[in-house]
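So this one's final10.cif, mmCIF, C-alpha atoms:
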data_coords
#
loop_
_atom_site.group_PDB
_atom_site.id
_atom_site.type_symbol
_atom_site.label_atom_id
_atom_site.label_comp_id
_atom_site.auth_asym_id
_atom_site.auth_seq_id
_atom_site.Cartn_x
_atom_site.Cartn_y
_atom_site.Cartn_z
ATOM 1 C CA MET A 1 13.052 -42.957 -73.812
ATOM 2 C CA ILE A 2 10.927 -45.452 -71.850
ATOM 3 C CA PHE A 3 13.360 -44.987 -68.942
ATOM 4 C CA LEU A 4 12.755 -41.236 -68.889
ATOM 5 C CA LYS A 5 8.986 -41.744 -69.025
ATOM 6 C CA ALA A 6 9.173 -44.330 -66.233
ATOM 7 C CA PHE A 7 11.215 -41.901 -64.141
ATOM 8 C CA LEU A 8 8.878 -38.955 -64.696
ATOM 9 C CA VAL A 9 5.563 -40.766 -64.223
ATOM 10 C CA GLY A 10 6.770 -42.920 -61.321
ATOM 11 C CA GLY A 11 8.320 -39.893 -59.663
ATOM 12 C CA ALA A 12 5.147 -37.847 -60.165
ATOM 13 C CA ILE A 13 2.984 -40.500 -58.461
ATOM 14 C CA CYS A 14 5.367 -40.513 -55.470
ATOM 15 C CA LEU A 15 5.424 -36.703 -55.458
ATOM 16 C CA LEU A 16 1.627 -36.642 -55.276
ATOM 17 C CA ALA A 17 1.722 -38.930 -52.224
ATOM 18 C CA GLN A 18 4.377 -36.799 -50.533
ATOM 19 C CA LEU A 19 2.367 -33.620 -51.075
ATOM 20 C CA LEU A 20 -0.758 -35.319 -49.699
ATOM 21 C CA MET A 21 1.198 -36.167 -46.543
ATOM 22 C CA ASP A 22 2.866 -32.761 -46.133
ATOM 23 C CA LEU A 23 0.229 -30.277 -47.267
ATOM 24 C CA THR A 24 -3.081 -31.600 -45.949
ATOM 25 C CA SER A 25 -4.164 -30.715 -42.427
ATOM 26 C CA TYR A 26 -5.589 -34.186 -41.853
ATOM 27 C CA ARG A 27 -2.694 -36.400 -40.758
ATOM 28 C CA ILE A 28 -2.177 -38.758 -43.667
ATOM 29 C CA THR A 29 0.302 -41.489 -42.721
ATOM 30 C CA PRO A 30 2.188 -43.870 -45.029
ATOM 31 C CA ALA A 31 -0.433 -46.506 -44.077
ATOM 32 C CA HIS A 32 -3.189 -44.277 -45.489
ATOM 33 C CA ILE A 33 -1.094 -43.818 -48.634
ATOM 34 C CA LEU A 34 -0.565 -47.571 -49.052
ATOM 35 C CA VAL A 35 -4.280 -48.356 -48.722
ATOM 36 C CA GLY A 36 -5.541 -45.337 -50.665
ATOM 37 C CA PHE A 37 -3.188 -45.679 -53.624
ATOM 38 C CA VAL A 38 -3.902 -49.393 -54.145
ATOM 39 C CA SER A 39 -7.686 -48.903 -54.024
ATOM 40 C CA GLY A 40 -7.449 -45.677 -56.022
ATOM 41 C CA GLY A 41 -5.409 -47.428 -58.713
ATOM 42 C CA ALA A 42 -8.037 -50.174 -58.898
ATOM 43 C CA VAL A 43 -10.816 -47.619 -59.413
ATOM 44 C CA LEU A 44 -8.840 -45.692 -62.061
ATOM 45 C CA SER A 45 -8.130 -48.985 -63.802
ATOM 46 C CA ALA A 46 -11.812 -49.984 -63.794
ATOM 47 C CA LEU A 47 -12.650 -46.636 -65.406
ATOM 48 C CA GLY A 48 -10.124 -47.413 -68.141
ATOM 49 C CA LEU A 49 -7.788 -44.600 -67.114
ATOM 50 C CA TYR A 50 -4.789 -46.597 -65.864
ATOM 51 C CA GLN A 51 -3.983 -48.876 -68.814
ATOM 52 C CA PRO A 52 -3.035 -45.890 -71.033
ATOM 53 C CA LEU A 53 -0.591 -44.802 -68.321
ATOM 54 C CA VAL A 54 0.947 -48.299 -68.235
ATOM 55 C CA LYS A 55 1.290 -48.188 -72.024
ATOM 56 C CA PHE A 56 2.952 -44.794 -71.830
ATOM 57 C CA ALA A 57 5.265 -45.168 -68.852
ATOM 58 C CA GLY A 58 5.836 -48.922 -68.372
ATOM 59 C CA ALA A 59 7.365 -49.531 -64.948
ATOM 60 C CA GLY A 60 6.599 -45.916 -64.059
ATOM 61 C CA ALA A 61 2.969 -47.030 -63.775
ATOM 62 C CA THR A 62 3.305 -50.728 -62.819
ATOM 63 C CA VAL A 63 5.870 -50.364 -60.009
ATOM 64 C CA PRO A 64 3.976 -47.754 -57.891
ATOM 65 C CA LEU A 65 1.124 -49.078 -55.723
ATOM 66 C CA PRO A 66 -1.706 -47.997 -58.080
ATOM 67 C CA GLY A 67 -0.177 -50.571 -60.464
ATOM 68 C CA PHE A 68 -1.004 -53.242 -57.891
ATOM 69 C CA GLY A 69 -4.602 -51.975 -57.772
ATOM 70 C CA HIS A 70 -4.629 -52.024 -61.579
ATOM 71 C CA LEU A 71 -3.623 -55.694 -61.517
ATOM 72 C CA LEU A 72 -6.420 -56.513 -59.032
ATOM 73 C CA ALA A 73 -9.059 -54.627 -61.030
ATOM 74 C CA GLN A 74 -8.109 -56.044 -64.428
ATOM 75 C CA GLY A 75 -8.003 -59.561 -62.945
ATOM 76 C CA ALA A 76 -11.513 -59.146 -61.533
ATOM 77 C CA ILE A 77 -12.847 -57.794 -64.837
ATOM 78 C CA LYS A 78 -11.204 -60.584 -66.840
ATOM 79 C CA GLY A 79 -12.529 -63.146 -64.347
ATOM 80 C CA ALA A 80 -16.058 -61.728 -64.517
ATOM 81 C CA ALA A 81 -15.972 -61.792 -68.313
ATOM 82 C CA GLN A 82 -14.776 -65.402 -68.491
ATOM 83 C CA LYS A 83 -16.273 -67.106 -65.451
ATOM 84 C CA GLY A 84 -19.094 -64.854 -64.265
ATOM 85 C CA LEU A 85 -19.619 -64.261 -60.562
ATOM 86 C CA LEU A 86 -16.977 -66.781 -59.499
ATOM 87 C CA GLY A 87 -14.424 -65.054 -61.694
ATOM 88 C CA ALA A 88 -15.380 -61.648 -60.343
ATOM 89 C CA LEU A 89 -14.556 -62.952 -56.881
ATOM 90 C CA GLY A 90 -11.349 -64.839 -57.666
ATOM 91 C CA GLY A 91 -9.941 -62.962 -60.638
ATOM 92 C CA GLY A 92 -8.320 -60.130 -58.711
ATOM 93 C CA LEU A 93 -6.273 -62.296 -56.398
ATOM 94 C CA GLU A 94 -5.452 -64.677 -59.239
ATOM 95 C CA ALA A 95 -3.827 -61.842 -61.168
ATOM 96 C CA ALA A 96 -1.998 -60.506 -58.112
ATOM 97 C CA ALA A 97 -1.192 -63.920 -56.627
ATOM 98 C CA ALA A 98 2.496 -64.043 -57.544
ATOM 99 C CA GLY A 99 3.133 -60.574 -56.156
ATOM 100 C CA VAL A 100 1.273 -61.220 -52.899
ATOM 101 C CA MET A 101 3.007 -64.585 -52.441
ATOM 102 C CA ALA A 102 6.407 -63.045 -53.134
ATOM 103 C CA ALA A 103 5.847 -60.271 -50.585
ATOM 104 C CA VAL A 104 4.689 -62.676 -47.866
ATOM 105 C CA VAL A 105 7.262 -65.420 -48.538
ATOM 106 C CA PHE A 106 10.308 -63.158 -48.968
ATOM 107 C CA GLY A 107 9.095 -60.971 -46.117
ATOM 108 C CA TYR A 108 8.793 -63.959 -43.804
ATOM 109 C CA LEU A 109 12.198 -65.362 -44.750
ATOM 110 C CA VAL A 110 13.978 -62.044 -44.226
ATOM 111 C CA ALA A 111 12.205 -61.442 -40.894
ATOM 112 C CA VAL A 112 13.242 -64.914 -39.685
ATOM 113 C CA LEU A 113 16.823 -64.848 -40.961
ATOM 114 C CA PHE A 114 17.847 -61.295 -40.026
ATOM 115 C CA THR A 115 18.098 -59.720 -36.606
ATOM 116 C CA PRO A 116 16.463 -56.354 -35.927
ATOM 117 C CA ARG A 117 18.799 -53.375 -35.654
ATOM 118 C CA GLY A 118 18.133 -51.096 -32.781
ATOM 119 C CA ASP A 119 18.256 -47.548 -34.093
ATOM 120 C CA MET B 1 -29.980 -28.852 -21.057
ATOM 121 C CA PRO B 2 -28.879 -25.520 -22.553
ATOM 122 C CA LYS B 3 -26.243 -25.262 -19.825
ATOM 123 C CA VAL B 4 -24.606 -28.494 -20.903
ATOM 124 C CA THR B 5 -24.459 -27.554 -24.559
ATOM 125 C CA LEU B 6 -22.993 -24.180 -23.669
ATOM 126 C CA GLN B 7 -20.275 -25.887 -21.648
ATOM 127 C CA GLN B 8 -19.676 -28.307 -24.455
ATOM 128 C CA SER B 9 -19.379 -25.612 -27.051
ATOM 129 C CA GLN B 10 -17.076 -23.695 -24.757
ATOM 130 C CA SER B 11 -14.761 -26.656 -24.342
ATOM 131 C CA GLU B 12 -14.902 -27.277 -28.103
ATOM 132 C CA ALA B 13 -13.870 -23.696 -28.698
ATOM 133 C CA GLU B 14 -11.053 -24.033 -26.185
ATOM 134 C CA LYS B 15 -9.875 -27.216 -27.845
ATOM 135 C CA TRP B 16 -9.880 -25.515 -31.208
ATOM 136 C CA ALA B 17 -7.996 -22.498 -29.882
ATOM 137 C CA TYR B 18 -5.456 -24.751 -28.214
ATOM 138 C CA LYS B 19 -4.961 -26.736 -31.423
ATOM 139 C CA LYS B 20 -4.343 -23.499 -33.337
ATOM 140 C CA LEU B 21 -1.849 -22.392 -30.721
ATOM 141 C CA VAL B 22 -0.003 -25.716 -30.832
ATOM 142 C CA SER B 23 0.107 -25.756 -34.626
ATOM 143 C CA ARG B 24 1.915 -22.397 -34.569
ATOM 144 C CA PHE B 25 4.809 -23.935 -32.679
ATOM 145 C CA GLN B 26 4.919 -27.289 -34.435
ATOM 146 C CA PRO B 27 7.752 -27.637 -36.950
ATOM 147 C CA ARG B 28 6.515 -27.425 -40.529
ATOM 148 C CA PRO B 29 7.656 -30.222 -42.834
ATOM 149 C CA PRO B 30 10.317 -29.095 -45.319
ATOM 150 C CA VAL B 31 7.828 -29.428 -48.177
ATOM 151 C CA VAL B 32 10.083 -28.627 -51.145
ATOM 152 C CA ARG B 33 12.970 -30.828 -50.014
ATOM 153 C CA ASN B 34 10.607 -33.738 -49.221
ATOM 154 C CA ALA B 35 8.883 -33.351 -52.588
ATOM 155 C CA PHE B 36 12.209 -33.315 -54.452
ATOM 156 C CA TRP B 37 13.543 -36.513 -52.840
ATOM 157 C CA ALA B 38 10.194 -38.308 -53.105
ATOM 158 C CA PHE B 39 10.141 -37.572 -56.844
ATOM 159 C CA VAL B 40 13.776 -38.533 -57.471
ATOM 160 C CA VAL B 41 13.905 -41.716 -55.370
ATOM 161 C CA GLY B 42 10.449 -42.886 -56.480
ATOM 162 C CA GLY B 43 11.364 -42.223 -60.109
ATOM 163 C CA LEU B 44 14.676 -44.076 -59.805
ATOM 164 C CA ILE B 45 13.008 -47.153 -58.277
ATOM 165 C CA CYS B 46 10.649 -47.189 -61.286
ATOM 166 C CA VAL B 47 13.623 -46.892 -63.650
ATOM 167 C CA LEU B 48 15.179 -49.923 -61.933
ATOM 168 C CA GLY B 49 11.855 -51.711 -62.437
ATOM 169 C CA GLN B 50 11.994 -50.798 -66.139
ATOM 170 C CA VAL B 51 15.514 -52.253 -66.374
ATOM 171 C CA PHE B 52 14.181 -55.580 -65.072
ATOM 172 C CA ILE B 53 11.150 -55.436 -67.393
ATOM 173 C CA ASN B 54 13.454 -54.981 -70.386
ATOM 174 C CA LEU B 55 15.718 -57.833 -69.213
ATOM 175 C CA TYR B 56 12.758 -60.212 -68.783
ATOM 176 C CA ARG B 57 11.303 -59.148 -72.144
ATOM 177 C CA GLN B 58 14.644 -60.004 -73.774
ATOM 178 C CA ALA B 59 14.550 -63.362 -71.997
ATOM 179 C CA GLY B 60 11.269 -64.011 -73.835
ATOM 180 C CA LEU B 61 8.574 -63.209 -71.263
ATOM 181 C CA ALA B 62 5.287 -61.625 -72.368
ATOM 182 C CA GLU B 63 4.560 -58.026 -71.392
ATOM 183 C CA THR B 64 2.439 -58.671 -68.270
ATOM 184 C CA GLU B 65 4.684 -61.510 -67.091
ATOM 185 C CA ALA B 66 7.746 -59.306 -67.465
ATOM 186 C CA ALA B 67 6.067 -56.549 -65.408
ATOM 187 C CA THR B 68 5.066 -59.036 -62.696
ATOM 188 C CA GLY B 69 8.573 -60.506 -62.674
ATOM 189 C CA ALA B 70 10.098 -57.049 -62.317
ATOM 190 C CA SER B 71 7.783 -56.217 -59.399
ATOM 191 C CA ILE B 72 8.669 -59.500 -57.681
ATOM 192 C CA THR B 73 12.386 -58.794 -58.138
ATOM 193 C CA LEU B 74 11.920 -55.366 -56.556
ATOM 194 C CA VAL B 75 9.955 -56.918 -53.678
ATOM 195 C CA PHE B 76 12.818 -59.362 -53.082
ATOM 196 C CA LEU B 77 15.474 -56.628 -53.158
ATOM 197 C CA SER B 78 13.445 -54.387 -50.868
ATOM 198 C CA ALA B 79 12.871 -57.188 -48.339
ATOM 199 C CA LEU B 80 16.613 -57.863 -48.322
ATOM 200 C CA LEU B 81 17.529 -54.167 -47.971
ATOM 201 C CA THR B 82 15.029 -53.847 -45.115
ATOM 202 C CA GLY B 83 16.620 -56.873 -43.447
ATOM 203 C CA ILE B 84 20.069 -55.261 -43.429
ATOM 204 C CA GLY B 85 18.619 -51.915 -42.357
ATOM 205 C CA VAL B 86 19.372 -49.989 -45.564
ATOM 206 C CA TYR B 87 15.825 -49.418 -46.832
ATOM 207 C CA ASP B 88 14.759 -47.529 -43.739
ATOM 208 C CA GLN B 89 17.803 -45.257 -44.149
ATOM 209 C CA ILE B 90 16.602 -44.445 -47.668
ATOM 210 C CA GLY B 91 13.068 -43.923 -46.379
ATOM 211 C CA ARG B 92 14.257 -41.343 -43.893
ATOM 212 C CA PHE B 93 14.857 -38.758 -46.624
ATOM 213 C CA ALA B 94 12.862 -40.242 -49.526
ATOM 214 C CA GLY B 95 9.492 -40.290 -47.710
ATOM 215 C CA ALA B 96 6.738 -41.236 -50.137
ATOM 216 C CA GLY B 97 9.418 -42.023 -52.739
ATOM 217 C CA SER B 98 10.185 -45.135 -50.701
ATOM 218 C CA VAL B 99 6.567 -45.847 -49.681
ATOM 219 C CA VAL B 100 4.620 -45.676 -52.942
ATOM 220 C CA PRO B 101 6.681 -48.028 -55.164
ATOM 221 C CA ILE B 102 5.994 -51.755 -54.620
ATOM 222 C CA THR B 103 9.268 -51.813 -52.645
ATOM 223 C CA GLY B 104 7.463 -49.776 -49.956
ATOM 224 C CA PHE B 105 4.820 -52.491 -49.688
ATOM 225 C CA ALA B 106 7.554 -55.106 -49.140
ATOM 226 C CA ASN B 107 9.213 -52.820 -46.596
ATOM 227 C CA SER B 108 5.918 -52.411 -44.718
ATOM 228 C CA ILE B 109 5.729 -56.213 -44.465
ATOM 229 C CA VAL B 110 9.282 -56.892 -43.305
ATOM 230 C CA ALA B 111 9.885 -53.956 -40.953
ATOM 231 C CA PRO B 112 7.209 -54.681 -38.291
ATOM 232 C CA ALA B 113 7.794 -58.455 -38.539
ATOM 233 C CA LEU B 114 11.488 -57.902 -37.831
ATOM 234 C CA GLU B 115 10.856 -55.404 -35.064
ATOM 235 C CA PHE B 116 8.522 -57.693 -33.106
ATOM 236 C CA LYS B 117 10.571 -60.828 -33.685
ATOM 237 C CA GLN B 118 11.113 -61.442 -29.961
ATOM 238 C CA GLU B 119 7.364 -61.964 -29.525
ATOM 239 C CA GLY B 120 7.756 -65.281 -31.305
ATOM 240 C CA LEU B 121 7.266 -66.805 -34.742
ATOM 241 C CA ILE B 122 3.444 -66.783 -34.591
ATOM 242 C CA PHE B 123 2.361 -63.565 -32.884
ATOM 243 C CA GLY B 124 5.647 -61.802 -33.503
ATOM 244 C CA VAL B 125 6.831 -62.441 -37.053
ATOM 245 C CA ALA B 126 3.795 -63.976 -38.772
ATOM 246 C CA ALA B 127 1.090 -61.736 -37.298
ATOM 247 C CA ARG B 128 3.117 -58.530 -37.690
ATOM 248 C CA LEU B 129 3.840 -59.302 -41.361
ATOM 249 C CA PHE B 130 0.276 -58.085 -41.949
ATOM 250 C CA THR B 131 0.292 -54.935 -39.812
ATOM 251 C CA PHE B 132 0.200 -52.769 -42.952
ATOM 252 C CA ALA B 133 -0.206 -55.440 -45.618
ATOM 253 C CA GLY B 134 -3.461 -56.587 -44.010
ATOM 254 C CA PRO B 135 -5.347 -53.306 -44.514
ATOM 255 C CA VAL B 136 -3.853 -52.937 -48.011
ATOM 256 C CA LEU B 137 -5.008 -56.412 -49.033
ATOM 257 C CA VAL B 138 -8.437 -56.032 -47.385
ATOM 258 C CA TYR B 139 -9.252 -52.791 -49.191
ATOM 259 C CA GLY B 140 -7.585 -53.951 -52.401
ATOM 260 C CA PHE B 141 -9.558 -57.232 -52.421
ATOM 261 C CA VAL B 142 -12.899 -55.608 -51.576
ATOM 262 C CA THR B 143 -12.419 -52.947 -54.264
ATOM 263 C CA SER B 144 -11.396 -55.608 -56.773
ATOM 264 C CA TRP B 145 -14.486 -57.722 -55.983
ATOM 265 C CA LEU B 146 -16.800 -54.707 -56.291
ATOM 266 C CA ILE B 147 -15.269 -53.886 -59.679
ATOM 267 C CA GLY B 148 -15.671 -57.472 -60.885
ATOM 268 C CA LEU B 149 -19.267 -57.510 -59.626
ATOM 269 C CA ALA B 150 -20.081 -54.179 -61.278
ATOM 270 C CA TYR B 151 -18.601 -55.419 -64.558
ATOM 271 C CA TYR B 152 -20.635 -58.636 -64.316
ATOM 272 C CA LEU B 153 -23.900 -56.798 -63.603
ATOM 273 C CA LEU B 154 -23.424 -54.134 -66.289
ATOM 274 C CA LYS B 155 -22.365 -56.655 -68.894
ATOM 275 C CA PHE B 156 -25.315 -59.030 -68.648
#

Encoded form using structure tokens:
Amino acid sequence: MIFLKAFLVGGAICLLAQLLMDLTSYRITPAHILVGFVSGGAVLSALGLYQPLVKFAGAGATVPLPGFGHLLAQGAIKGAAQKGLLGALGGGLEAAAAGVMAAVVFGYLVAVLFTPRGD
Amino acid sequence: MPKVTLQQSQSEAEKWAYKKLVSRFQPRPPVVRNAFWAFVVGGLICVLGQVFINLYRQAGLAETEAATGASITLVFLSALLTGIGVYDQIGRFAGAGSVVPITGFANSIVAPALEFKQEGLIFGVAARLFTFAGPVLVYGFVTSWLIGLAYYLLKF
């Protein structure tokens, strides 16, 4: 059941992004989607609207980019609650640290080890 | 001065008319097909993420750790698939379905770094790693700080 929910919610978030790119007259590129969905997820999370979606759909909400924003926002809130202003500053990256490190480290290794394909 | 503004408004009107004309001949995106594949591929990547979450939960990880672990696994797989050129093949028909999951973030890091490899390890690989990731992290971090700050100020 959780797999079906993950499929439907995750798919719906991607569908929304695709429609934004195809149906709006302003040229929205994948870069706009990346930036907008992370920040948008953080805002939704701060308003308390994203955690219910995570509870409902599991990976369907954590794997899409708004899930990354959710991680940043909840980290900042937790940090602010525990350590005040310093926590508000560091909490977001602390929560997302493993993901950011993984992306940079694996990304670097692959870029160094593989050769670009010209197509 | 009225002459100048008249000219300006004329050229604006011409620009607008030209844009309209061009847009009539530009190919329209196949909206329904794009939407279908974005939904299916994006959904399937999330299902794969759920498989990893369940595996890590069984291995004894807590809920948030399992979710983080699953995301990291997907990032690793996506980086690898980008390296061998498969992820971009998927992206060609999946569109946002390959961009919006965390795998798209990993792809946006590896692809430009790989492409500009011949410019060297510093300005080629390392700098280009952040072509897309840079803006994402900048806006993500600033938003996160503002949220933390707002929480701090409203709470005390």

Applied to this file, what does the PyMOL selection byres ((chain B) within 6 of (chain A)) return in terms of residues, put as an MDAnalysis selection string? chainID B and resid 35 38:39 42:44 46:47 49:50 72 79 83 96:97 100:102 106 110 113:115 136 140 144:145 148:149 152

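Here CA of Val41 in chain B is placed at a distance of 8.6 Å from CA of Ile90 in chain B.
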
Just how far from CA of Ile84 in chain B is CA of Phe123 in chain B, in Å to one decimal?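 Going from CA of Phe123 in chain B over to CA of Ile84 in chain B covers 22.2 Å.
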
Coordinates-based distance that separates CA of Ala70 in chain B from CA of Ile53 in chain B (Å, one decimal): 5.4 Å

Taking the file as shown, find all residues satisfying the PyMOL selection byres ((chain B and resi 93) around 9) and write them as an mmCIF file with C-alpha atoms, keeping the file's coordinate frame.
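New file expr.cif:
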data_model
loop_
_atom_site.group_PDB
_atom_site.id
_atom_site.type_symbol
_atom_site.label_atom_id
_atom_site.label_comp_id
_atom_site.auth_asym_id
_atom_site.auth_seq_id
_atom_site.Cartn_x
_atom_site.Cartn_y
_atom_site.Cartn_z
ATOM 1 C CA ARG B 33 12.970 -30.828 -50.014
ATOM 2 C CA ASN B 34 10.607 -33.738 -49.221
ATOM 3 C CA TRP B 37 13.543 -36.513 -52.840
ATOM 4 C CA ALA B 38 10.194 -38.308 -53.105
ATOM 5 C CA GLN B 89 17.803 -45.257 -44.149
ATOM 6 C CA ILE B 90 16.602 -44.445 -47.668
ATOM 7 C CA GLY B 91 13.068 -43.923 -46.379
ATOM 8 C CA ARG B 92 14.257 -41.343 -43.893
ATOM 9 C CA ALA B 94 12.862 -40.242 -49.526
ATOM 10 C CA GLY B 95 9.492 -40.290 -47.710
ATOM 11 C CA GLY B 97 9.418 -42.023 -52.739
ATOM 12 C CA SER B 98 10.185 -45.135 -50.701
#

Work out where the centre of an axis-aligned box around every listed atom of range 139-145 of chain B lies and how long its edges are once 6 Å is added on each side; give both in Å to one decimal as JSON.
{"center_x": -11.0, "center_y": -55.3, "center_z": -53.0, "size_x": 18.9, "size_y": 16.9, "size_z": 19.6}

From the list A:Thr24, A:Phe56, A:Gln51, A:Glu94, the nearest residue to Arg28 in chain B using only C-alpha atoms is A:Thr24

N, CA and C atoms restored at range 42-55 of chain B, emitted as a tab-separated table (two decimals), in the coordinates of the input:
chain	number	residue	atom	x	y	z
B	42	GLY	N	11.54	-42.12	-55.90
B	42	GLY	CA	10.45	-42.89	-56.48
B	42	GLY	C	10.67	-43.13	-57.96
B	43	GLY	N	11.09	-42.09	-58.67
B	43	GLY	CA	11.36	-42.22	-60.11
B	43	GLY	C	12.47	-43.23	-60.39
B	44	LEU	N	13.54	-43.17	-59.57
B	44	LEU	CA	14.68	-44.08	-59.80
B	44	LEU	C	14.30	-45.54	-59.55
B	45	ILE	N	13.45	-45.77	-58.54
B	45	ILE	CA	13.01	-47.15	-58.28
B	45	ILE	C	12.21	-47.67	-59.48
B	46	CYS	N	11.41	-46.79	-60.09
B	46	CYS	CA	10.65	-47.19	-61.29
B	46	CYS	C	11.58	-47.46	-62.46
B	47	VAL	N	12.65	-46.66	-62.58
B	47	VAL	CA	13.62	-46.89	-63.65
B	47	VAL	C	14.27	-48.26	-63.47
B	48	LEU	N	14.62	-48.60	-62.22
B	48	LEU	CA	15.18	-49.92	-61.93
B	48	LEU	C	14.19	-51.01	-62.34
B	49	GLY	N	12.89	-50.77	-62.03
B	49	GLY	CA	11.86	-51.71	-62.44
B	49	GLY	C	11.82	-51.88	-63.95
B	50	GLN	N	11.99	-50.75	-64.67
B	50	GLN	CA	11.99	-50.80	-66.14
B	50	GLN	C	13.18	-51.60	-66.67
B	51	VAL	N	14.33	-51.47	-65.99
B	51	VAL	CA	15.51	-52.25	-66.37
B	51	VAL	C	15.18	-53.74	-66.30
B	52	PHE	N	14.54	-54.16	-65.21
B	52	PHE	CA	14.18	-55.58	-65.07
B	52	PHE	C	13.14	-55.99	-66.11
B	53	ILE	N	12.16	-55.11	-66.37
B	53	ILE	CA	11.15	-55.44	-67.39
B	53	ILE	C	11.83	-55.71	-68.74
B	54	ASN	N	12.76	-54.81	-69.11
B	54	ASN	CA	13.45	-54.98	-70.39
B	54	ASN	C	14.27	-56.28	-70.41
B	55	LEU	N	14.94	-56.59	-69.30
B	55	LEU	CA	15.72	-57.83	-69.21
B	55	LEU	C	14.81	-59.05	-69.41
